[in-house]
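File shown: work_1.txt (compact mmCIF, C-alpha atoms and all ligand atoms).
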# COMPACT_ATOMS: atom_id res chain seq x y z
CA MET A 881 -8.93 16.50 -44.93
CA ARG A 882 -12.35 17.69 -43.93
CA LEU A 883 -13.54 14.74 -41.92
CA SER A 884 -16.46 15.09 -39.57
CA TYR A 885 -16.71 13.58 -36.12
CA PRO A 886 -19.43 13.94 -33.48
CA SER A 887 -19.64 17.59 -32.45
CA ASN A 888 -20.15 16.90 -28.74
CA ILE A 889 -16.61 15.62 -28.36
CA LYS A 890 -14.42 18.25 -26.78
CA ILE A 891 -10.78 18.02 -27.77
CA ILE A 892 -8.05 18.96 -25.31
CA GLN A 893 -4.62 19.10 -26.86
CA VAL A 894 -1.53 18.01 -24.98
CA PRO A 895 2.06 17.91 -26.23
CA CYS A 896 2.25 14.17 -25.50
CA THR A 897 -0.24 11.76 -23.93
CA GLY A 898 2.41 11.21 -21.25
CA ARG A 899 1.17 14.56 -19.89
CA VAL A 900 -2.28 13.12 -19.23
CA ASP A 901 -2.54 12.18 -15.62
CA ILE A 902 -5.01 10.19 -13.54
CA ILE A 903 -6.38 13.38 -12.02
CA HIS A 904 -7.21 14.88 -15.45
CA LEU A 905 -9.33 11.88 -16.39
CA LEU A 906 -11.00 11.78 -12.98
CA LYS A 907 -11.74 15.51 -13.01
CA ALA A 908 -13.52 15.10 -16.36
CA ILE A 909 -15.73 12.39 -14.85
CA GLU A 910 -16.21 14.39 -11.64
CA ASP A 911 -17.29 17.41 -13.68
CA GLY A 912 -19.90 15.34 -15.48
CA ALA A 913 -18.27 14.11 -18.69
CA ASP A 914 -20.01 10.95 -19.92
CA GLY A 915 -16.71 9.54 -21.12
CA VAL A 916 -13.07 10.45 -21.72
CA TYR A 917 -10.59 8.95 -24.09
CA VAL A 918 -6.95 9.52 -24.77
CA ALA A 919 -5.72 9.39 -28.36
CA GLY A 920 -1.99 8.74 -28.33
CA CYS A 921 0.61 7.86 -30.92
CA LEU A 922 1.20 4.25 -31.87
CA GLU A 923 3.02 2.24 -29.24
CA GLY A 924 6.73 2.24 -29.94
CA GLU A 925 6.48 5.56 -31.76
CA CYS A 926 6.33 8.00 -28.87
CA HIS A 927 8.66 10.95 -29.41
CA TYR A 928 9.34 10.82 -25.68
CA LEU A 929 9.62 7.02 -25.83
CA THR A 930 7.10 6.01 -23.17
CA GLY A 931 4.52 8.81 -22.97
CA ASN A 932 1.75 6.78 -24.58
CA LEU A 933 2.63 3.69 -22.52
CA LYS A 934 2.32 5.74 -19.33
CA ALA A 935 -0.98 7.16 -20.56
CA ARG A 936 -2.34 3.64 -21.11
CA LYS A 937 -1.32 2.62 -17.59
CA ARG A 938 -3.11 5.66 -16.17
CA VAL A 939 -6.22 5.06 -18.25
CA ASN A 940 -6.28 1.49 -16.95
CA HIS A 941 -5.89 2.76 -13.40
CA VAL A 942 -8.84 5.12 -13.83
CA LYS A 943 -10.89 2.24 -15.24
CA LYS A 944 -10.09 0.35 -12.04
CA ILE A 945 -11.15 3.30 -9.88
CA LEU A 946 -14.43 3.62 -11.78
CA MET A 947 -15.06 -0.10 -11.40
CA ASP A 948 -14.51 0.24 -7.64
CA LEU A 949 -17.12 2.99 -7.64
CA GLY A 950 -19.63 0.95 -9.65
CA ILE A 951 -19.25 3.11 -12.77
CA GLU A 952 -18.74 1.50 -16.20
CA PRO A 953 -14.98 1.41 -16.88
CA GLU A 954 -15.71 1.63 -20.63
CA ARG A 955 -16.35 5.34 -20.12
CA VAL A 956 -12.60 5.79 -20.15
CA GLU A 957 -10.45 4.51 -23.01
CA MET A 958 -7.01 4.65 -24.56
CA TYR A 959 -6.53 4.62 -28.33
CA ASN A 960 -3.34 4.57 -30.35
CA LEU A 961 -3.08 5.95 -33.86
CA SER A 962 -0.53 7.77 -35.93
CA ALA A 963 -0.70 11.51 -36.49
CA GLY A 964 -1.21 10.87 -40.21
CA GLU A 965 -4.39 8.83 -39.71
CA GLY A 966 -7.12 11.46 -39.97
CA PRO A 967 -9.84 9.01 -40.98
CA ARG A 968 -8.94 6.72 -38.04
CA PHE A 969 -9.22 9.71 -35.70
CA ALA A 970 -12.76 10.38 -36.92
CA GLU A 971 -13.59 6.69 -36.72
CA ILE A 972 -12.39 6.47 -33.09
CA ALA A 973 -14.46 9.54 -32.24
CA ARG A 974 -17.56 7.89 -33.69
CA GLU A 975 -16.74 4.59 -31.99
CA MET A 976 -16.43 6.27 -28.58
CA TYR A 977 -19.56 8.33 -29.23
CA GLU A 978 -21.56 5.19 -30.01
CA ARG A 979 -20.18 3.41 -26.96
CA ILE A 980 -21.11 6.26 -24.63
CA LYS A 981 -24.52 6.59 -26.23
CA GLY A 982 -25.04 2.91 -25.48
CA LEU A 983 -24.03 3.40 -21.84
CA GLY A 984 -26.18 6.49 -21.38
CA PRO A 985 -25.38 9.59 -19.35
CA SER A 986 -22.82 9.36 -16.57
CA PRO A 987 -24.35 8.66 -13.14
CA VAL A 988 -22.30 11.58 -11.84
CA LYS A 989 -23.86 14.02 -14.30
CA MET A 990 -27.36 12.71 -13.61
CA LYS A 991 -27.01 13.19 -9.85
CA ASN A 992 -25.45 16.60 -10.30
CA ALA A 993 -28.33 17.72 -12.50
CA ALA A 994 -30.95 16.29 -10.12
CA MET B 60 11.68 5.63 3.26
CA ILE B 61 8.51 4.40 4.92
CA VAL B 62 6.51 2.63 2.24
CA ALA B 63 2.73 2.45 2.13
CA ASN B 64 -0.07 1.25 -0.13
CA PRO B 65 -3.33 3.03 -0.86
CA LYS B 66 -6.24 1.67 1.15
CA PRO B 67 -9.14 0.24 -0.85
CA ILE B 68 -11.49 3.07 -1.74
CA SER B 69 -14.47 1.17 -0.31
CA GLU B 70 -12.76 1.18 3.09
CA ILE B 71 -12.20 4.95 3.00
CA LEU B 72 -15.74 5.58 1.78
CA ASP B 73 -17.03 3.57 4.70
CA MET B 74 -14.92 5.53 7.22
CA ILE B 75 -16.35 8.85 6.05
CA LYS B 76 -19.87 7.77 5.13
CA ASP B 77 -21.55 10.03 7.68
CA LEU B 78 -19.31 13.04 7.12
CA LYS B 79 -20.25 15.97 4.89
CA LYS B 80 -17.19 18.15 5.04
CA ILE B 81 -13.72 16.69 5.17
CA LEU B 82 -10.12 17.72 4.95
CA ILE B 83 -7.63 15.48 3.14
CA LEU B 84 -4.13 16.05 4.42
CA GLY B 85 -1.16 14.86 2.37
CA CYS B 86 2.45 14.65 3.48
CA LYS B 87 5.50 15.73 1.48
CA GLY B 88 7.76 13.14 3.10
CA CYS B 89 8.13 9.41 2.40
CA VAL B 90 4.57 8.98 1.13
CA THR B 91 5.16 11.58 -1.58
CA VAL B 92 8.28 9.72 -2.68
CA CYS B 93 6.45 6.40 -2.79
CA ASN B 94 3.56 8.04 -4.67
CA VAL B 95 0.87 7.21 -2.17
CA GLY B 96 0.15 10.31 -0.07
CA GLY B 97 1.56 13.48 -1.63
CA ALA B 98 -0.29 16.45 -3.12
CA LYS B 99 -0.95 14.52 -6.32
CA GLU B 100 -2.53 11.57 -4.51
CA VAL B 101 -4.55 13.96 -2.34
CA GLY B 102 -6.09 15.33 -5.56
CA ILE B 103 -6.83 11.86 -6.90
CA LEU B 104 -8.41 10.68 -3.64
CA ALA B 105 -10.48 13.87 -3.36
CA SER B 106 -11.81 13.48 -6.89
CA THR B 107 -12.51 9.76 -6.41
CA LEU B 108 -14.42 10.36 -3.17
CA LYS B 109 -16.39 13.22 -4.72
CA ILE B 110 -17.37 11.08 -7.72
CA ALA B 111 -18.48 8.25 -5.43
CA ARG B 112 -20.48 10.52 -3.17
CA ILE B 113 -22.14 12.42 -6.01
CA LYS B 114 -23.10 9.08 -7.54
CA GLY B 115 -24.52 7.96 -4.19
CA GLY B 116 -26.58 11.15 -3.95
CA ASN B 117 -24.69 12.28 -0.86
CA PRO B 118 -22.11 14.83 -2.06
CA VAL B 119 -19.15 15.63 0.14
CA ASP B 120 -17.26 18.90 0.50
CA ILE B 121 -13.51 18.27 0.39
CA THR B 122 -10.58 20.58 1.12
CA GLU B 123 -7.09 19.50 0.07
CA ARG B 124 -3.88 20.37 1.93
CA THR B 125 -0.43 18.84 1.98
CA LEU B 126 1.96 19.39 4.87
CA GLU B 127 5.76 19.35 4.79
CA ARG B 128 5.62 16.34 7.11
CA GLN B 129 3.11 14.88 9.54
CA CYS B 130 5.70 13.52 11.94
CA ASP B 131 6.75 16.91 13.38
CA PRO B 132 4.55 19.01 15.65
CA GLU B 133 5.57 22.26 13.95
CA TYR B 134 3.96 21.16 10.68
CA ILE B 135 0.95 19.62 12.40
CA ALA B 136 0.42 23.06 13.97
CA GLN B 137 -0.01 24.60 10.52
CA VAL B 138 -3.60 23.37 10.31
CA LYS B 139 -4.65 24.57 13.77
CA ASP B 140 -6.84 27.36 12.37
CA ILE B 141 -8.78 25.14 9.99
CA VAL B 142 -8.76 21.65 11.45
CA HIS B 143 -11.97 22.12 13.42
CA ASP B 144 -13.90 23.42 10.40
CA PHE B 145 -14.37 19.85 9.21
CA ASP B 146 -16.44 16.83 10.24
CA GLY B 147 -13.32 14.69 9.92
CA VAL B 148 -9.81 14.58 8.51
CA ILE B 149 -8.26 11.95 6.26
CA SER B 150 -4.48 11.70 6.62
CA MET B 151 -2.55 10.35 3.68
CA ALA B 152 0.70 10.11 5.66
CA CYS B 153 2.08 6.87 7.08
CA GLY B 154 0.55 5.63 10.32
CA VAL B 155 2.43 8.32 12.22
CA GLY B 156 0.39 11.13 10.63
CA PRO B 157 -3.11 10.34 11.94
CA GLN B 158 -1.60 9.71 15.39
CA PHE B 159 0.33 12.97 15.61
CA LEU B 160 -2.76 14.79 14.37
CA SER B 161 -4.95 12.99 16.84
CA GLU B 162 -2.65 13.88 19.73
CA ALA B 163 -2.50 17.53 18.68
CA TYR B 164 -6.24 17.92 18.09
CA PRO B 165 -8.10 15.64 20.52
CA LYS B 166 -11.50 17.05 19.53
CA GLN B 167 -11.18 16.11 15.86
CA ARG B 168 -11.46 12.67 14.19
CA PHE B 169 -8.68 11.38 11.94
CA PHE B 170 -8.74 8.56 9.40
CA PRO B 171 -5.84 6.84 7.60
CA ALA B 172 -5.92 6.66 3.80
CA VAL B 173 -2.95 4.32 3.45
CA ASP B 174 -1.78 0.95 4.71
CA THR B 175 1.75 1.52 6.00
CA THR B 176 3.88 -1.47 5.11
CA PHE B 177 7.65 -1.29 5.61
CA PHE B 178 10.98 0.56 5.48
CA GLY B 179 12.41 0.09 2.05
CA GLY B 180 13.24 1.62 -1.27
CA ALA B 181 12.17 1.73 -4.90
CA VAL B 182 13.83 -1.15 -6.72
CA GLN B 183 12.25 0.17 -9.91
CA HIS B 184 9.72 2.91 -10.66
CA GLY B 185 6.48 1.66 -9.14
CA ILE B 186 8.03 -1.25 -7.21
CA TRP B 187 9.24 -0.99 -3.61
CA ALA B 188 10.94 -3.62 -1.50
CA GLU B 189 11.58 -4.05 2.21
CA ARG B 190 15.12 -3.55 3.45
CA CYS B 191 15.02 -2.81 7.18
CA ALA B 192 12.80 -3.93 10.04
CA GLY B 193 13.96 -1.24 12.49
CA CYS B 194 15.34 -3.79 14.94
CA GLY B 195 17.21 -1.11 16.88
CA THR B 196 20.65 -2.74 16.82
CA CYS B 197 21.93 -2.88 13.28
CA ILE B 198 24.13 -5.86 12.52
CA ILE B 199 24.42 -5.69 8.75
CA HIS B 200 28.14 -4.94 8.93
CA TYR B 201 28.54 -8.68 9.57
CA PHE B 202 26.71 -9.40 6.34
CA ASP B 203 28.25 -6.89 3.93
CA GLY B 204 25.29 -4.56 4.07
CA MET B 205 22.51 -7.11 3.65
CA CYS B 206 19.90 -7.52 6.34
CA PRO B 207 18.80 -11.01 7.34
CA ILE B 208 16.34 -9.61 9.88
CA ALA B 209 14.19 -7.82 7.33
CA ARG B 210 14.96 -9.93 4.29
CA CYS B 211 15.11 -13.52 5.50
CA SER B 212 11.59 -14.83 5.99
CA LYS B 213 12.70 -16.42 9.26
CA SER B 214 15.03 -13.58 10.27
CA LEU B 215 17.78 -16.18 10.64
CA MET B 216 21.15 -15.08 11.93
CA ASN B 217 22.89 -18.17 10.58
CA GLY B 218 21.23 -19.11 7.31
CA PRO B 219 20.52 -20.28 4.79
CA CYS B 220 17.96 -22.75 6.02
CA GLY B 221 17.19 -26.01 4.22
CA GLY B 222 14.47 -24.33 2.21
CA SER B 223 16.85 -22.17 0.20
CA ALA B 224 16.92 -23.35 -3.42
CA GLY B 225 18.37 -21.79 -6.54
CA GLY B 226 18.83 -18.46 -4.78
CA LYS B 227 15.15 -18.29 -3.84
CA CYS B 228 13.40 -18.49 -0.49
CA GLU B 229 11.15 -21.44 0.22
CA ILE B 230 8.15 -19.18 0.76
CA SER B 231 8.01 -18.14 -2.91
CA LYS B 232 10.02 -18.32 -6.08
CA ASP B 233 9.58 -14.54 -6.30
CA VAL B 234 11.47 -13.97 -3.05
CA ASP B 235 15.26 -13.91 -3.12
CA CYS B 236 16.95 -15.85 -0.33
CA ILE B 237 19.02 -13.15 1.34
CA TRP B 238 21.22 -15.80 2.91
CA ASP B 239 22.07 -17.15 -0.51
CA MET B 240 23.08 -13.60 -1.47
CA ILE B 241 25.10 -13.10 1.72
CA VAL B 242 27.01 -16.38 1.30
CA ARG B 243 27.57 -15.77 -2.39
CA LYS B 244 29.02 -12.32 -1.77
CA LYS B 245 31.30 -13.62 0.97
CA MET B 246 32.54 -16.36 -1.39
CA GLU B 247 33.08 -13.91 -4.24
CA GLN B 248 35.10 -11.69 -1.94
CA GLY B 249 36.97 -14.64 -0.43
CA ARG B 250 35.70 -13.90 3.06
CA LEU B 251 33.49 -16.87 3.81
CA ASP B 252 35.36 -17.24 7.09
CA ASP B 253 33.53 -14.15 8.38
CA LEU B 254 30.42 -16.25 8.74
CA VAL B 255 31.94 -18.83 11.07
CA ARG B 256 33.56 -16.26 13.29
CA PHE B 257 32.04 -15.93 16.76
CA LYS B 258 29.48 -13.13 17.08
CA PRO B 259 27.76 -11.95 20.24
CA SER B 260 24.09 -12.91 20.20
CA LYS B 261 21.74 -10.34 18.76
CA ASP B 262 20.38 -7.85 21.24
CA TRP B 263 16.63 -8.01 20.72
CA ARG B 264 15.84 -5.74 23.64
CA THR B 265 16.05 -2.78 21.28
CA ALA B 266 13.47 -4.28 18.90
CA ARG B 267 9.70 -3.99 19.11
CA ASP B 268 9.61 -6.86 21.62
CA GLY B 269 10.56 -4.40 24.34
CA GLY B 270 7.31 -2.45 23.87
CA PRO B 271 6.85 0.99 22.25
CA ARG B 272 10.23 2.62 21.73
CA ARG B 273 11.58 6.13 22.20
CA SER B 274 14.77 7.66 20.98
CA ILE B 275 16.23 10.28 23.30
CA ARG B 276 19.18 12.35 22.11
CA GLU B 277 20.26 14.44 25.06
CA GLU B 278 22.39 16.76 22.91
CA LEU B 279 19.24 17.91 21.12
CA VAL B 280 16.72 18.05 23.93
CA ILE B 281 16.18 21.50 25.45
S1 LIG C 1 19.82 -5.27 11.20
FE1 LIG C 1 18.07 -4.20 12.08
S2 LIG C 1 18.51 -2.02 11.81
FE2 LIG C 1 19.95 -3.15 10.49
S3 LIG C 1 18.91 -3.21 8.48
FE3 LIG C 1 18.33 -5.08 9.58
S4 LIG C 1 16.41 -4.62 10.66
FE4 LIG C 1 17.34 -2.68 10.01
S1 LIG C 2 15.11 -19.70 2.28
FE1 LIG C 2 16.53 -18.02 2.79
S2 LIG C 2 15.23 -16.25 3.09
FE2 LIG C 2 13.89 -18.01 3.11
S3 LIG C 2 13.68 -18.54 5.24
FE3 LIG C 2 15.39 -19.74 4.47
S4 LIG C 2 17.23 -18.55 4.81
FE4 LIG C 2 15.48 -17.20 5.10
Turn this file's structure into structure tokens for me.
Amino acid sequence: MRLSYPSNIKIIQVPCTGRVDIIHLLKAIEDGADGVYVAGCLEGECHYLTGNLKARKRVNHVKKILMDLGIEPERVEMYNLSAGEGPRFAEIAREMYERIKGLGPSPVKMKNAA
Amino acid sequence: MIVANPKPISEILDMIKDLKKILILGCKGCVTVCNVGGAKEVGILASTLKIARIKGGNPVDITERTLERQCDPEYIAQVKDIVHDFDGVISMACGVGPQFLSEAYPKQRFFPAVDTTFFGGAVQHGIWAERCAGCGTCIIHYFDGMCPIARCSKSLMNGPCGGSAGGKCEISKDVDCIWDMIVRKKMEQGRLDDLVRFKPSKDWRTARDGGPRRSIREELVI
């Protein structure tokens, strides 16, 4: 499948979304990313049983931290899709891209650049 | 272990608002086990504070360190060469940490990053519950290993009170009545008589009521 998705999305592969920790999401924001999302397997289908459930909890925690700091929590998101859903992967990428475009650049990046 | 909760980030930001260069000191003891002040949480707090301060146009320089413990002078001494390089130090240990640090380095300022709550354990991953109130004279042998001091809302020695209903405490349906549990266990084991047996009154002089406490073990003191 040769599906296109916005080229400014940087993909970081992990063996399971259970490996994604709060600090990884925060570091992305700290380093100026406008948004971060985690694309995990469908709930109930994690090879390690609860990896994607843990990832969702952590994403929600980072949303809470951002809210506390007055930064839009929508900049961080959790998606679930199956490994066979290429078109859905591209669709999520576009969806997140549009959302971030709507929000504008991250306040962290803007201050860092200033 | 000593259990603690993270302080609200706004409170920590306010403590350090005038500081440009800070050290965040974690502890590998209880607060690592209850996921509130170990190396991992030091990293999360550092990143959160940096994001907030960059956003506010007032960036902060943060160094991260985690000590073996913050309740022993030998570990506190491990930061002696760097501690004065900062405008202030945030301790992520229980309330003992900032105090031991403060006593060792009177010229520096120390801030707590956690709200220390109780002595307890993890009843499930992510959930901790109180088990001991450190009363100084343990009496749980009378109650088959259950503590009415820490776990009865009224610290009754002869419960349950009239508020006990359906195994729950009158303060909340989410709180087990420890006296219900004590009586039930005695009945199950056929030892209800234990509870009517005469007991000397509890010695409260060893509890916090007697002022700040010390523990002196002559066999260890040199
Ligand atoms: S009786 Fe005192 S020392 Fe024993 S568990 Fe209860 S509070 Fe702790
Ligand atoms: S209901 Fe039970 S736990 Fe609550 S105050 Fe009464 S005896 Fe103590």
What does the distance from atom CA of Leu946 of chain A to atom CA of Val173 of chain B come to in Å, to one decimal?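 Between atom CA of Leu946 of chain A and atom CA of Val173 of chain B the gap is 19.1 Å.
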Pick out the residues no farther than 10 Å from ligand LIG 2 (chain C), counting all atoms listed in the file, and list them as JSON, numbers by chain. {"B": [207, 208, 209, 210, 211, 212, 213, 214, 215, 216, 217, 218, 219, 220, 221, 222, 223, 224, 225, 226, 227, 228, 229, 230, 231, 232, 234, 235, 236, 237, 238, 239, 240, 241]}
Residue nearest ligand LIG 1 (chain C) among B:Trp263, B:Trp187, B:Phe169, B:Phe159 (counting only C-alpha atoms and all ligand atoms):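 Using only C-alpha atoms and all ligand atoms, ligand LIG 1 (chain C) sits closest to B:Trp263.
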Within 9 Å of (0.9, 8.3, -28.8), all atoms listed in the file: residues as JSON, numbers by chain? {"A": [896, 897, 898, 918, 919, 920, 921, 922, 923, 924, 925, 926, 927, 930, 931, 932, 933, 935, 959, 960, 961, 962, 963]}
Within 12 Å of (-1.6, 1.8, 5.5), in the coordinates the file gives, what residues turn up when you count all atoms listed in the file, written out as a ChimeraX atom specification? /B:61-67,70-71,90,95-96,150-157,170-177
C-alpha atoms of the current selection, written as a PDB file, keeping the file's coordinate frame:
ATOM      1  CA  ILE B  61       8.510   4.400   4.920  1.00  0.00           C
ATOM      2  CA  VAL B  62       6.510   2.630   2.240  1.00  0.00           C
ATOM      3  CA  ALA B  63       2.730   2.450   2.130  1.00  0.00           C
ATOM      4  CA  ASN B  64      -0.070   1.250  -0.130  1.00  0.00           C
ATOM      5  CA  PRO B  65      -3.330   3.030  -0.860  1.00  0.00           C
ATOM      6  CA  LYS B  66      -6.240   1.670   1.150  1.00  0.00           C
ATOM      7  CA  PRO B  67      -9.140   0.240  -0.850  1.00  0.00           C
ATOM      8  CA  GLU B  70     -12.760   1.180   3.090  1.00  0.00           C
ATOM      9  CA  ILE B  71     -12.200   4.950   3.000  1.00  0.00           C
ATOM     10  CA  VAL B  90       4.570   8.980   1.130  1.00  0.00           C
ATOM     11  CA  VAL B  95       0.870   7.210  -2.170  1.00  0.00           C
ATOM     12  CA  GLY B  96       0.150  10.310  -0.070  1.00  0.00           C
ATOM     13  CA  SER B 150      -4.480  11.700   6.620  1.00  0.00           C
ATOM     14  CA  MET B 151      -2.550  10.350   3.680  1.00  0.00           C
ATOM     15  CA  ALA B 152       0.700  10.110   5.660  1.00  0.00           C
ATOM     16  CA  CYS B 153       2.080   6.870   7.080  1.00  0.00           C
ATOM     17  CA  GLY B 154       0.550   5.630  10.320  1.00  0.00           C
ATOM     18  CA  VAL B 155       2.430   8.320  12.220  1.00  0.00           C
ATOM     19  CA  GLY B 156       0.390  11.130  10.630  1.00  0.00           C
ATOM     20  CA  PRO B 157      -3.110  10.340  11.940  1.00  0.00           C
ATOM     21  CA  PHE B 170      -8.740   8.560   9.400  1.00  0.00           C
ATOM     22  CA  PRO B 171      -5.840   6.840   7.600  1.00  0.00           C
ATOM     23  CA  ALA B 172      -5.920   6.660   3.800  1.00  0.00           C
ATOM     24  CA  VAL B 173      -2.950   4.320   3.450  1.00  0.00           C
ATOM     25  CA  ASP B 174      -1.780   0.950   4.710  1.00  0.00           C
ATOM     26  CA  THR B 175       1.750   1.520   6.000  1.00  0.00           C
ATOM     27  CA  THR B 176       3.880  -1.470   5.110  1.00  0.00           C
ATOM     28  CA  PHE B 177       7.650  -1.290   5.610  1.00  0.00           C
TER      29      PHE B 177
END
Could you write out as a list in words the residues of chain A within 9 Å of chain B, counting all atoms listed in the file?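 Those within range of chain B come out as Ile902, Ile903, Leu906, Lys907, Ile909, Glu910, Asp911, Ile945, Leu946, Asp948, Leu949, Gly950, Ile951, Pro987, Val988, Lys989, Met990, Lys991 and Asn992 of chain A.
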Atom-to-atom span, atom CA of Tyr885 of chain A and atom CA of Leu983 of chain A, Å: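 It comes out at 19.0 Å.
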Let me have all residues with an atom within 7 Å of ligand LIG 1 (chain C), counting all atoms listed in the file, laid out as a ChimeraX atom specification. /B:190-199,206-209
For a quick check of understanding, using only C-alpha atoms, which of A:Ala908, A:Ser986, A:Ile892, A:Tyr917 has the smallest distance to Ala973 of chain A?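 Closest candidate: A:Tyr917.
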For a test of reading the model, state the distance in Å between atom CA of Gly204 of chain B and atom CA of Gln248 of chain B, rounded to one decimal.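 Going from atom CA of Gly204 of chain B over to atom CA of Gln248 of chain B covers 13.5 Å.
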B:Ile83, B:Ile186, B:Met246, B:Cys93 ranked by distance to Val138 of chain B, top pick (using all atoms listed in the file):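 Selected residue with least distance to Val138 of chain B: B:Ile83.
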